[in-house]
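Containing mmCIF, C-alpha atoms: target36.cif.
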data_entry
loop_
_atom_site.label_atom_id
_atom_site.label_comp_id
_atom_site.auth_asym_id
_atom_site.auth_seq_id
_atom_site.Cartn_x
_atom_site.Cartn_y
_atom_site.Cartn_z
CA MET C 224 0.00 0.00 0.00
CA SER C 225 2.81 2.39 0.76
CA VAL C 226 4.13 1.95 -2.77
CA VAL C 227 0.73 2.82 -4.18
CA ALA C 228 0.42 5.85 -1.92
CA SER C 229 3.87 7.12 -2.85
CA VAL C 230 3.06 6.70 -6.53
CA ILE C 231 -0.19 8.62 -6.06
CA PHE C 232 1.25 11.52 -4.11
CA GLY C 233 4.48 11.63 -6.07
CA SER C 234 2.76 12.18 -9.35
CA LEU C 235 0.20 14.49 -7.74
CA ALA C 236 3.01 16.74 -6.55
CA LEU C 237 4.66 16.84 -9.92
CA GLY C 238 1.35 17.28 -11.72
CA ALA C 239 2.82 15.95 -14.91
CA SER C 240 0.36 13.21 -15.73
CA VAL C 241 -2.51 13.40 -18.16
CA VAL C 242 -5.13 12.05 -15.77
CA PRO C 243 -4.89 12.69 -12.01
CA PRO C 244 -3.83 9.36 -10.46
CA ILE C 245 -6.24 9.68 -7.55
CA VAL C 246 -9.09 9.84 -10.07
CA VAL C 247 -7.76 6.70 -11.76
CA LEU C 248 -7.72 4.99 -8.39
CA VAL C 249 -11.32 5.98 -7.60
CA LEU C 250 -12.45 4.91 -11.07
CA CYS C 251 -10.73 1.54 -10.67
CA ILE C 252 -12.42 0.96 -7.30
CA VAL C 253 -15.86 1.81 -8.70
CA ALA C 254 -15.19 -0.39 -11.73
CA GLY C 255 -14.21 -3.25 -9.43
CA VAL C 256 -17.49 -2.91 -7.52
CA GLY C 257 -19.37 -2.83 -10.83
CA THR C 258 -17.58 -5.98 -12.00
CA VAL C 259 -18.47 -7.84 -8.82
CA MET C 260 -22.10 -6.88 -9.35
CA LEU C 261 -22.03 -7.82 -13.03
CA LEU C 262 -20.47 -11.27 -12.69
CA PRO C 263 -22.96 -14.14 -12.54
CA GLY C 264 -23.74 -15.29 -9.02
CA ARG C 265 -26.43 -15.75 -6.44
CA LYS C 266 -28.15 -12.44 -6.95
CA GLU C 267 -31.00 -10.82 -8.77
CA ARG C 268 -30.92 -9.75 -12.36
CA SER C 269 -31.45 -6.07 -11.48
CA ILE C 270 -28.20 -5.99 -9.49
CA ARG C 271 -26.30 -7.20 -12.53
CA LYS C 272 -27.91 -4.46 -14.62
CA ILE C 273 -26.83 -1.87 -12.04
CA GLY C 274 -23.29 -3.27 -12.22
CA GLY C 275 -23.26 -2.98 -16.01
CA ALA C 276 -24.51 0.61 -15.83
CA LEU C 277 -21.84 1.41 -13.24
CA LEU C 278 -19.09 0.07 -15.51
CA LEU C 279 -20.44 2.04 -18.46
CA VAL C 280 -20.42 5.25 -16.40
CA VAL C 281 -16.84 4.60 -15.25
CA PHE C 282 -15.67 4.05 -18.82
CA LEU C 283 -17.41 7.21 -20.04
CA VAL C 284 -15.89 9.29 -17.21
CA PHE C 285 -12.44 7.92 -18.07
CA VAL C 286 -12.93 8.78 -21.74
CA ALA C 287 -14.21 12.24 -20.85
CA LEU C 288 -11.16 12.87 -18.67
CA LEU C 289 -8.87 11.91 -21.52
CA VAL C 290 -10.76 13.86 -24.15
CA ARG C 291 -10.48 16.99 -21.98
CA GLN C 292 -6.80 17.14 -22.95
CA GLU C 293 -6.01 19.10 -26.11
CA ALA C 294 -3.80 16.34 -27.48
CA MET C 295 -6.65 13.86 -27.55
CA LYS C 296 -9.06 15.55 -29.90
CA GLY C 297 -9.17 14.97 -33.60
CA ALA C 298 -10.64 13.03 -36.48
CA THR C 299 -8.74 9.79 -35.88
CA GLN C 300 -9.78 9.93 -32.25
CA VAL C 301 -13.43 9.27 -33.10
CA TYR C 302 -12.55 5.91 -34.60
CA PHE C 303 -10.22 5.13 -31.73
CA TRP C 304 -12.89 5.72 -29.09
CA LEU C 305 -15.43 3.78 -31.13
CA PHE C 306 -13.24 0.68 -31.54
CA SER C 307 -11.81 0.68 -28.05
CA GLY C 308 -15.25 1.16 -26.51
CA ILE C 309 -16.65 -1.78 -28.47
CA ALA C 310 -13.62 -3.91 -27.55
CA VAL C 311 -13.77 -3.19 -23.82
CA MET C 312 -17.53 -3.57 -23.48
CA SER C 313 -17.74 -6.79 -25.46
CA ALA C 314 -14.77 -8.20 -23.49
CA MET C 315 -16.75 -7.39 -20.34
CA ARG C 316 -19.69 -9.34 -21.74
CA VAL C 317 -17.41 -12.26 -22.65
CA ILE C 318 -16.52 -12.79 -19.02
CA SER C 319 -19.92 -11.91 -17.57
CA HIS C 320 -22.41 -13.67 -19.84
CA GLU C 321 -24.05 -16.78 -18.45
CA LYS C 322 -24.18 -18.72 -21.70
CA PRO C 323 -20.85 -19.70 -23.28
CA VAL C 324 -22.20 -19.43 -26.82
CA TYR C 325 -22.92 -15.75 -26.27
CA SER C 326 -19.49 -15.34 -24.68
CA ALA C 327 -17.92 -16.74 -27.86
CA LEU C 328 -20.01 -14.44 -30.06
CA TYR C 329 -19.10 -11.39 -27.98
CA PHE C 330 -15.48 -12.46 -28.33
CA VAL C 331 -15.90 -12.19 -32.11
CA LEU C 332 -16.96 -8.58 -31.52
CA THR C 333 -13.82 -7.99 -29.44
CA VAL C 334 -11.67 -9.43 -32.22
CA VAL C 335 -13.29 -7.27 -34.88
CA ALA C 336 -12.85 -4.13 -32.75
CA THR C 337 -9.21 -5.03 -32.12
CA ALA C 338 -8.71 -5.45 -35.86
CA GLY C 339 -10.14 -1.94 -36.27
CA LEU C 340 -7.56 -0.62 -33.81
CA PHE C 341 -4.86 -2.43 -35.82
CA VAL C 342 -6.01 -0.69 -38.99
CA LEU C 343 -5.73 2.64 -37.16
CA LEU C 344 -2.16 1.61 -36.29
CA TRP C 345 -1.39 0.95 -39.98
CA ALA C 346 -1.11 -2.80 -39.50
CA GLU C 347 -3.44 -3.92 -42.28
CA PHE C 348 -2.00 -7.39 -42.77
CA VAL C 349 -2.13 -8.25 -39.08
CA ALA C 350 -5.70 -6.96 -38.87
CA ALA C 351 -6.79 -9.21 -41.75
CA ALA C 352 -4.93 -12.19 -40.31
CA LEU C 353 -6.52 -11.59 -36.92
CA ILE C 354 -10.04 -11.66 -38.34
CA LEU C 355 -9.31 -14.69 -40.53
CA ILE C 356 -7.67 -16.79 -37.83
CA TYR C 357 -9.53 -15.73 -34.71
CA ALA C 358 -13.03 -14.92 -35.90
CA GLY C 359 -12.86 -17.45 -38.70
CA ALA C 360 -10.98 -20.49 -37.48
CA ILE C 361 -10.53 -20.49 -33.71
CA LEU C 362 -14.04 -19.31 -32.90
CA VAL C 363 -15.59 -22.00 -35.10
CA THR C 364 -13.64 -24.57 -33.08
CA TYR C 365 -14.88 -23.00 -29.86
CA VAL C 366 -18.50 -23.03 -30.99
CA PHE C 367 -18.20 -26.66 -32.05
CA VAL C 368 -16.79 -27.68 -28.67
CA ILE C 369 -19.53 -25.71 -26.90
CA MET C 370 -22.11 -27.57 -28.94
CA LEU C 371 -20.44 -30.91 -28.12
CA ALA C 372 -20.07 -30.36 -24.41
CA GLN C 373 -22.55 -27.76 -23.24
CA GLN C 374 -25.26 -28.64 -20.75
CA VAL C 375 -28.43 -26.71 -20.07
CA GLU C 376 -31.00 -27.09 -17.36
CA ARG C 377 -34.69 -26.48 -17.69
CA VAL C 378 -36.46 -24.48 -15.02
CA GLY C 379 -40.11 -24.49 -15.95
CA LYS C 380 -40.25 -23.37 -19.56
CA VAL C 381 -37.09 -21.30 -19.72
CA THR C 382 -33.71 -22.79 -20.41
CA VAL C 383 -30.92 -21.60 -18.17
CA GLY C 384 -27.24 -22.41 -18.22
CA ALA C 385 -25.60 -25.02 -16.04
CA GLU C 386 -24.98 -24.31 -12.38
CA TYR C 387 -21.28 -23.61 -12.92
CA ASP C 388 -22.14 -20.97 -15.51
CA ARG C 389 -24.60 -19.14 -13.31
CA HIS C 390 -22.36 -18.81 -10.26
CA SER C 391 -18.87 -17.39 -10.46
CA ARG C 392 -16.09 -18.24 -8.07
CA GLU C 393 -14.64 -15.60 -5.68
CA PRO C 394 -15.81 -12.54 -7.66
CA VAL C 395 -14.84 -10.04 -4.96
CA LEU C 396 -11.28 -11.27 -4.53
CA ALA C 397 -10.64 -11.62 -8.28
CA SER C 398 -12.04 -8.17 -9.06
CA ALA C 399 -9.97 -6.61 -6.29
CA VAL C 400 -6.76 -8.21 -7.56
CA GLY C 401 -7.57 -7.36 -11.19
CA PHE C 402 -8.45 -3.74 -10.65
CA VAL C 403 -5.52 -3.06 -8.32
CA MET C 404 -3.34 -4.37 -11.13
CA MET C 405 -5.19 -2.25 -13.71
CA GLY C 406 -4.79 0.83 -11.53
CA LEU C 407 -1.05 0.29 -11.20
CA ILE C 408 -0.60 -0.25 -14.95
CA LEU C 409 -2.63 2.87 -15.77
CA PHE C 410 -0.59 4.89 -13.23
CA LEU C 411 2.57 3.82 -14.97
CA ILE C 412 1.21 4.54 -18.43
CA PHE C 413 -0.15 8.00 -17.67
CA ASP C 414 2.55 9.03 -15.20
CA GLY C 415 4.59 11.73 -16.87
CA SER C 416 7.26 11.69 -14.19
CA ALA C 417 8.06 7.99 -14.33
CA ALA C 418 11.14 6.57 -15.97
CA THR C 419 8.97 5.22 -18.75
CA ASN C 420 7.88 8.57 -20.11
CA LEU C 421 5.51 7.75 -22.94
CA ALA C 422 3.88 11.12 -23.47
CA GLY C 423 6.29 12.51 -26.01
CA VAL C 424 6.50 9.49 -28.30
CA LYS C 425 5.49 10.38 -31.84
CA ALA C 426 4.18 7.90 -34.37
CA ASN C 427 6.80 6.65 -36.76
CA VAL C 428 5.60 7.18 -40.31
CA GLY C 429 8.20 4.96 -41.91
CA VAL C 430 6.66 1.75 -40.67
CA GLN C 431 3.66 0.40 -42.52
CA GLY C 432 2.15 -3.01 -42.04
CA THR C 433 1.41 -3.69 -45.68
CA THR C 434 1.61 -7.27 -46.86
CA LYS C 435 4.75 -6.47 -48.86
CA GLN C 436 6.66 -5.03 -45.91
CA VAL C 437 5.54 -7.67 -43.44
CA GLY C 438 6.22 -10.46 -45.93
CA GLU C 439 9.71 -9.23 -46.71
CA TYR C 440 10.46 -8.86 -43.03
CA VAL C 441 9.19 -12.34 -42.14
CA PHE C 442 10.80 -14.20 -45.02
CA ILE C 443 14.15 -12.44 -44.97
CA ARG C 444 14.84 -11.67 -41.33
CA GLN C 445 12.64 -14.11 -39.42
CA THR C 446 13.04 -17.24 -41.52
CA VAL C 447 13.98 -19.54 -38.67
CA SER C 448 11.07 -18.33 -36.55
CA LEU C 449 8.72 -18.97 -39.46
CA GLU C 450 9.93 -22.55 -39.83
CA VAL C 451 9.67 -23.13 -36.09
CA ALA C 452 6.09 -21.81 -36.26
CA ALA C 453 5.30 -24.33 -38.99
CA LEU C 454 6.78 -27.08 -36.83
CA VAL C 455 4.70 -25.98 -33.83
CA LEU C 456 1.52 -26.07 -35.90
CA THR C 457 2.31 -29.54 -37.22
CA VAL C 458 3.07 -30.89 -33.75
CA ALA C 459 -0.13 -29.32 -32.39
CA MET C 460 -2.16 -30.88 -35.18
CA ILE C 461 -0.73 -34.35 -34.56
CA GLY C 462 -1.22 -33.92 -30.82
CA ALA C 463 -4.83 -32.84 -31.28
CA VAL C 464 -5.54 -35.89 -33.43
CA ILE C 465 -3.96 -38.23 -30.88
CA ILE C 466 -5.77 -36.59 -27.96
CA ALA C 467 -9.17 -36.61 -29.64
CA ARG C 468 -8.84 -40.29 -30.64
CA ARG C 469 -8.11 -41.60 -27.15
CA GLN C 470 -10.94 -43.72 -25.82
CA VAL C 471 -12.57 -42.76 -22.56
CA PRO C 472 -14.56 -45.29 -20.48
CA GLU C 473 -17.75 -43.21 -20.23
CA THR C 474 -18.08 -42.66 -23.96
CA ARG C 475 -21.64 -43.17 -25.02
CA ALA C 476 -21.02 -43.27 -28.76
CA VAL C 477 -20.26 -46.97 -29.07
CA ASP C 478 -21.38 -48.61 -32.25
CA PRO C 479 -21.83 -52.36 -31.54
CA GLY C 480 -21.03 -53.26 -35.11
CA ARG C 481 -17.50 -51.92 -34.89
CA VAL C 482 -14.43 -53.08 -33.09
CA ALA C 483 -13.88 -50.98 -29.97
CA VAL C 484 -10.55 -49.21 -29.74
CA GLN C 485 -8.76 -50.51 -26.69
CA ASP C 486 -5.59 -48.43 -26.53
CA ASP C 487 -3.49 -45.99 -28.46
CA ASP C 488 -1.60 -48.57 -30.48
CA PRO C 489 -2.06 -47.51 -34.11
CA HIS C 490 -2.25 -51.16 -35.13
CA ASN C 491 -5.45 -51.61 -33.13
CA VAL C 492 -7.32 -48.85 -34.90
CA PRO C 493 -10.08 -50.37 -37.01
CA VAL C 494 -9.72 -49.60 -40.67
CA TYR C 495 -12.72 -48.67 -42.74
CA GLY C 496 -14.03 -51.72 -44.57
CA THR C 497 -12.50 -54.38 -42.34
CA GLU C 498 -13.70 -56.01 -39.15
CA ASN C 499 -10.36 -57.27 -38.00
CA PRO C 500 -7.76 -54.56 -37.40
CA ARG C 501 -4.96 -57.03 -38.08
CA ALA C 502 -6.29 -57.73 -41.55
CA LYS C 503 -5.65 -54.37 -43.09
CA ALA C 504 -5.71 -53.88 -46.80
CA TYR C 505 -2.12 -52.69 -46.64
CA PRO C 506 -0.40 -54.62 -43.80
CA GLU C 507 2.15 -52.63 -41.89
CA ARG C 508 4.14 -55.55 -40.57
CA MET J 207 -5.77 17.53 -36.20
CA SER J 208 -3.83 15.48 -33.73
CA ASP J 209 -3.06 11.81 -33.81
CA VAL J 210 -3.84 9.19 -31.23
CA VAL J 211 -1.06 8.98 -28.65
CA LEU J 212 0.66 5.80 -27.61
CA GLN J 213 -0.68 5.92 -24.06
CA GLN J 214 -4.25 5.43 -25.20
CA TYR J 215 -3.45 2.17 -26.99
CA LEU J 216 -1.47 0.94 -24.00
CA ALA J 217 -4.44 1.77 -21.76
CA VAL J 218 -6.84 -0.21 -23.94
CA GLY J 219 -4.41 -3.15 -23.98
CA ALA J 220 -4.07 -3.05 -20.19
CA ILE J 221 -7.85 -2.90 -19.69
CA LEU J 222 -8.45 -5.86 -22.01
CA PHE J 223 -5.70 -7.85 -20.28
CA VAL J 224 -7.14 -7.23 -16.82
CA ILE J 225 -10.68 -8.08 -17.96
CA GLY J 226 -9.39 -11.40 -19.29
CA LEU J 227 -7.52 -11.99 -16.03
CA ILE J 228 -10.65 -11.42 -13.95
CA GLY J 229 -12.60 -13.74 -16.22
CA PHE J 230 -9.95 -16.43 -15.86
CA MET J 231 -10.08 -16.20 -12.10
CA THR J 232 -13.84 -16.08 -11.64
CA ARG J 233 -15.49 -18.23 -14.26
CA ARG J 234 -15.92 -21.95 -13.69
CA ASN J 235 -16.67 -23.16 -17.21
CA LEU J 236 -13.56 -24.61 -18.89
CA ILE J 237 -14.45 -23.15 -22.29
CA VAL J 238 -15.02 -19.67 -20.89
CA LEU J 239 -11.66 -19.92 -19.12
CA PHE J 240 -9.96 -20.36 -22.46
CA LEU J 241 -12.01 -17.55 -24.00
CA SER J 242 -10.71 -15.33 -21.17
CA THR J 243 -7.11 -16.18 -22.07
CA GLU J 244 -7.90 -15.23 -25.65
CA VAL J 245 -9.12 -11.84 -24.41
CA MET J 246 -5.78 -11.47 -22.61
CA PHE J 247 -4.03 -12.30 -25.91
CA GLN J 248 -5.94 -9.44 -27.56
CA GLY J 249 -4.65 -6.96 -24.99
CA VAL J 250 -1.07 -8.12 -25.50
CA ALA J 251 -1.44 -7.95 -29.27
CA ILE J 252 -2.64 -4.33 -29.09
CA ASN J 253 0.45 -3.48 -27.04
CA PHE J 254 2.77 -5.14 -29.56
CA VAL J 255 1.26 -3.45 -32.60
CA ALA J 256 1.13 -0.04 -30.88
CA PHE J 257 4.81 -0.23 -29.96
CA SER J 258 5.68 -1.35 -33.49
CA ARG J 259 3.92 1.74 -34.86
CA TYR J 260 5.38 4.25 -32.44
CA TYR J 261 8.92 2.88 -32.33
CA ALA J 262 10.18 2.11 -35.82
CA GLY J 263 10.24 -1.58 -36.61
CA LEU J 264 8.02 -4.38 -37.77
CA ASP J 265 9.05 -6.70 -34.93
CA GLY J 266 5.85 -6.08 -33.01
CA GLN J 267 3.60 -6.97 -35.91
CA VAL J 268 5.61 -10.08 -36.73
CA PHE J 269 5.41 -11.07 -33.08
CA VAL J 270 1.62 -10.79 -33.27
CA ILE J 271 1.63 -13.12 -36.27
CA PHE J 272 3.57 -15.72 -34.28
CA LEU J 273 1.21 -15.11 -31.36
CA LEU J 274 -1.65 -16.06 -33.69
CA VAL J 275 0.19 -19.29 -34.54
CA ILE J 276 0.59 -20.15 -30.87
CA ALA J 277 -3.04 -19.24 -30.15
CA ALA J 278 -4.24 -21.55 -32.91
CA ALA J 279 -2.08 -24.42 -31.66
CA GLU J 280 -3.18 -23.82 -28.07
CA ALA J 281 -6.86 -23.66 -29.04
CA SER J 282 -6.75 -26.95 -30.95
CA LEU J 283 -4.91 -28.81 -28.17
CA ALA J 284 -6.89 -27.24 -25.31
CA LEU J 285 -10.26 -27.85 -26.90
CA GLY J 286 -9.34 -31.47 -27.60
CA LEU J 287 -8.39 -31.84 -23.95
CA ILE J 288 -11.63 -30.16 -22.87
CA VAL J 289 -13.67 -32.66 -24.90
CA LEU J 290 -11.67 -35.47 -23.28
CA LEU J 291 -12.25 -34.08 -19.78
CA PHE J 292 -15.94 -33.59 -20.50
CA ARG J 293 -16.34 -37.21 -21.59
CA ARG J 294 -14.70 -38.39 -18.37
CA ARG J 295 -16.79 -36.37 -15.89
CA LEU J 296 -19.75 -35.26 -18.06
CA THR J 297 -19.41 -31.71 -16.78
CA LEU J 298 -17.41 -28.65 -17.76
CA ASP J 299 -17.07 -27.43 -14.20
CA VAL J 300 -13.48 -26.74 -13.16
CA ASP J 301 -14.35 -27.73 -9.61
CA ALA J 302 -14.96 -31.29 -10.81
CA TRP J 303 -11.16 -31.58 -11.01
CA ARG J 304 -10.60 -30.13 -7.57
CA GLU J 305 -8.44 -33.06 -6.44
CA LEU J 306 -5.71 -31.97 -8.86
CA LYS J 307 -5.01 -29.14 -6.40
CA GLY J 308 -3.12 -31.63 -4.23
#
For the file at hand, write its structure as structure tokens.
Amino acid sequence: MSVVASVIFGSLALGASVVPPIVVLVLCIVAGVGTVMLLPGRKERSIRKIGGALLLVVFLVFVALLVRQEAMKGATQVYFWLFSGIAVMSAMRVISHEKPVYSALYFVLTVVATAGLFVLLWAEFVAAALILIYAGAILVTYVFVIMLAQQVERVGKVTVGAEYDRHSREPVLASAVGFVMMGLILFLIFDGSAATNLAGVKANVGVQGTTKQVGEYVFIRQTVSLEVAALVLTVAMIGAVIIARRQVPETRAVDPGRVAVQDDDPHNVPVYGTENPRAKAYPER
Amino acid sequence: MSDVVLQQYLAVGAILFVIGLIGFMTRRNLIVLFLSTEVMFQGVAINFVAFSRYYAGLDGQVFVIFLLVIAAAEASLALGLIVLLFRRRLTLDVDAWRELKG
């Protein structure tokens, strides 16, 4: 606590930061309370709505404090506030929604908003790759797994999520830890007197994230990393196949007409068209 | 007209990271846990790209590309493991594996 206090009063005395640190602290505390109220748990729906409204107010106050500065007005700023607002609010819904399918869909929104921020940062290729890989590939996998494994309970006529989705674990403690950490990081970012003075950094116009520049950089100067990445993907693919094929005792999908897989020995895997795994069309030994 | 300053991007990255952290600590559904780590990845990626724009160099953007590779590998392995765990206990609750705590 003494470290936090010294950081607060040190930067208050110097007055060099963009946002007063004490205000950041208060905002973080209020946001933590709002998060506790918003997270699913044993409480009424109206309390969660109040928590969401509280978080919205905190975010708007923070934005208003920043926009008050002369340096933070302009045409590009409109897009920045738009994208970052969408990203933060949908991320909040990802962790606070009761149904995992909606969490995954809100995560798509976060990814798209992040890609918008990347475009503002002149990183077009990374923005496109982010949307393709995250919103296209990874999220489809997530939704498939949710469909495979999700349970719902019926209360009367409405369908509610499972018990572990409706009640979160230690919301007060986790929010306290998280928002203390967020407050410290924001102190450091907006503290003009700290060793990491970020206020005067100007954007470097020479760097553009076009496909040509990124491609030349990757294939000329990061060749080894690229090949290691390919290796990692291959290993992950083989590992995923092996993991998904392992038989588990409680599996319900047992077709009596087929030979049950007993272990991981590849020679015991039944081959399509044969009953006996030893009698493969192309014997291996 | 003035440009967006670096601090704003760093702030958004920090906020996304902390939101993912809180989600990872509070939620009990295995799938939502992994979604929370992906939110944390987004915050880190914003930091990387912002630094690559404001300090000359494409290293940050290339690092984000490799981060996407790792995220894809992690998602495929983790989701396979989640399906395996679900078939063993027929629940996605993390607390079903409480004995792993030791």
Spatial neighbours of stretch 453-468 of chain C, 8 Å, all atoms listed in the file, chain gap at least 4 places, as a PyMOL selection string: (chain C and resi 449) or (chain J and resi 275-276+278-280+282-283+286-287+289-290)
Residue IDs satisfying the PyMOL selection byres ((chain J and resi 253-258) around 8), as JSON, numbers by chain: {"C": [341, 344, 346, 430], "J": [212, 215, 216, 219, 249, 250, 251, 252, 259, 260, 261, 262, 263, 264, 265, 266, 267, 269, 270]}
If the PyMOL selection byres ((chain J and resi 231) around 10) is run on the structure shown, which residues does it catch, given as a ChimeraX atom specification? /C:391-394,396-398,400-401 /J:226-230,232-234,239,242
Could those selected residues go to a file with C-alpha atoms, as a PDB file, keeping the file's coordinate frame?
ATOM      1  CA  SER C 391     -18.870 -17.390 -10.460  1.00  0.00           C
ATOM      2  CA  ARG C 392     -16.090 -18.240  -8.070  1.00  0.00           C
ATOM      3  CA  GLU C 393     -14.640 -15.600  -5.680  1.00  0.00           C
ATOM      4  CA  PRO C 394     -15.810 -12.540  -7.660  1.00  0.00           C
ATOM      5  CA  LEU C 396     -11.280 -11.270  -4.530  1.00  0.00           C
ATOM      6  CA  ALA C 397     -10.640 -11.620  -8.280  1.00  0.00           C
ATOM      7  CA  SER C 398     -12.040  -8.170  -9.060  1.00  0.00           C
ATOM      8  CA  VAL C 400      -6.760  -8.210  -7.560  1.00  0.00           C
ATOM      9  CA  GLY C 401      -7.570  -7.360 -11.190  1.00  0.00           C
TER      10      GLY C 401
ATOM     11  CA  GLY J 226      -9.390 -11.400 -19.290  1.00  0.00           C
ATOM     12  CA  LEU J 227      -7.520 -11.990 -16.030  1.00  0.00           C
ATOM     13  CA  ILE J 228     -10.650 -11.420 -13.950  1.00  0.00           C
ATOM     14  CA  GLY J 229     -12.600 -13.740 -16.220  1.00  0.00           C
ATOM     15  CA  PHE J 230      -9.950 -16.430 -15.860  1.00  0.00           C
ATOM     16  CA  THR J 232     -13.840 -16.080 -11.640  1.00  0.00           C
ATOM     17  CA  ARG J 233     -15.490 -18.230 -14.260  1.00  0.00           C
ATOM     18  CA  ARG J 234     -15.920 -21.950 -13.690  1.00  0.00           C
ATOM     19  CA  LEU J 239     -11.660 -19.920 -19.120  1.00  0.00           C
ATOM     20  CA  SER J 242     -10.710 -15.330 -21.170  1.00  0.00           C
TER      21      SER J 242
END
Exactly which residues make up the result of the PyMOL selection byres ((chain J and resi 288) around 12) on this file, given as a ChimeraX atom specification? /C:364-365,367-369,371-373,463,466-467 /J:235-240,280-287,289-300,303
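Note that the spacing between atom CA of C:Val363 and atom CA of C:Gly432 amounts to 26.9 Å.
Across C:Leu248, C:Val256, C:Ala287, C:Leu340, the tightest approach to C:Ile408 is made by C:Leu248 when counting only C-alpha atoms.
What separates atom CA of C:Ser319 from atom CA of C:Val253 is a distance of 16.8 Å.
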If you count only C-alpha atoms, the residue of J:Ala302, J:Val218, J:Leu274, J:Val211 closest to C:Ala350 turns out to be J:Leu274
From the options J:Gln214, J:Leu306, J:Val224, J:Gln248, which residue's atoms come nearest to J:Ala277, counting all atoms listed in the file? J:Gln248
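Proximity to chain J was assessed for C:Ile318, C:Ala360, C:Leu262, C:Val451 counting only C-alpha atoms; the smallest distance is recorded for C:Ile318.
Note that atom CA of J:Ile225 and atom CA of C:Phe413 are 19.2 Å apart.
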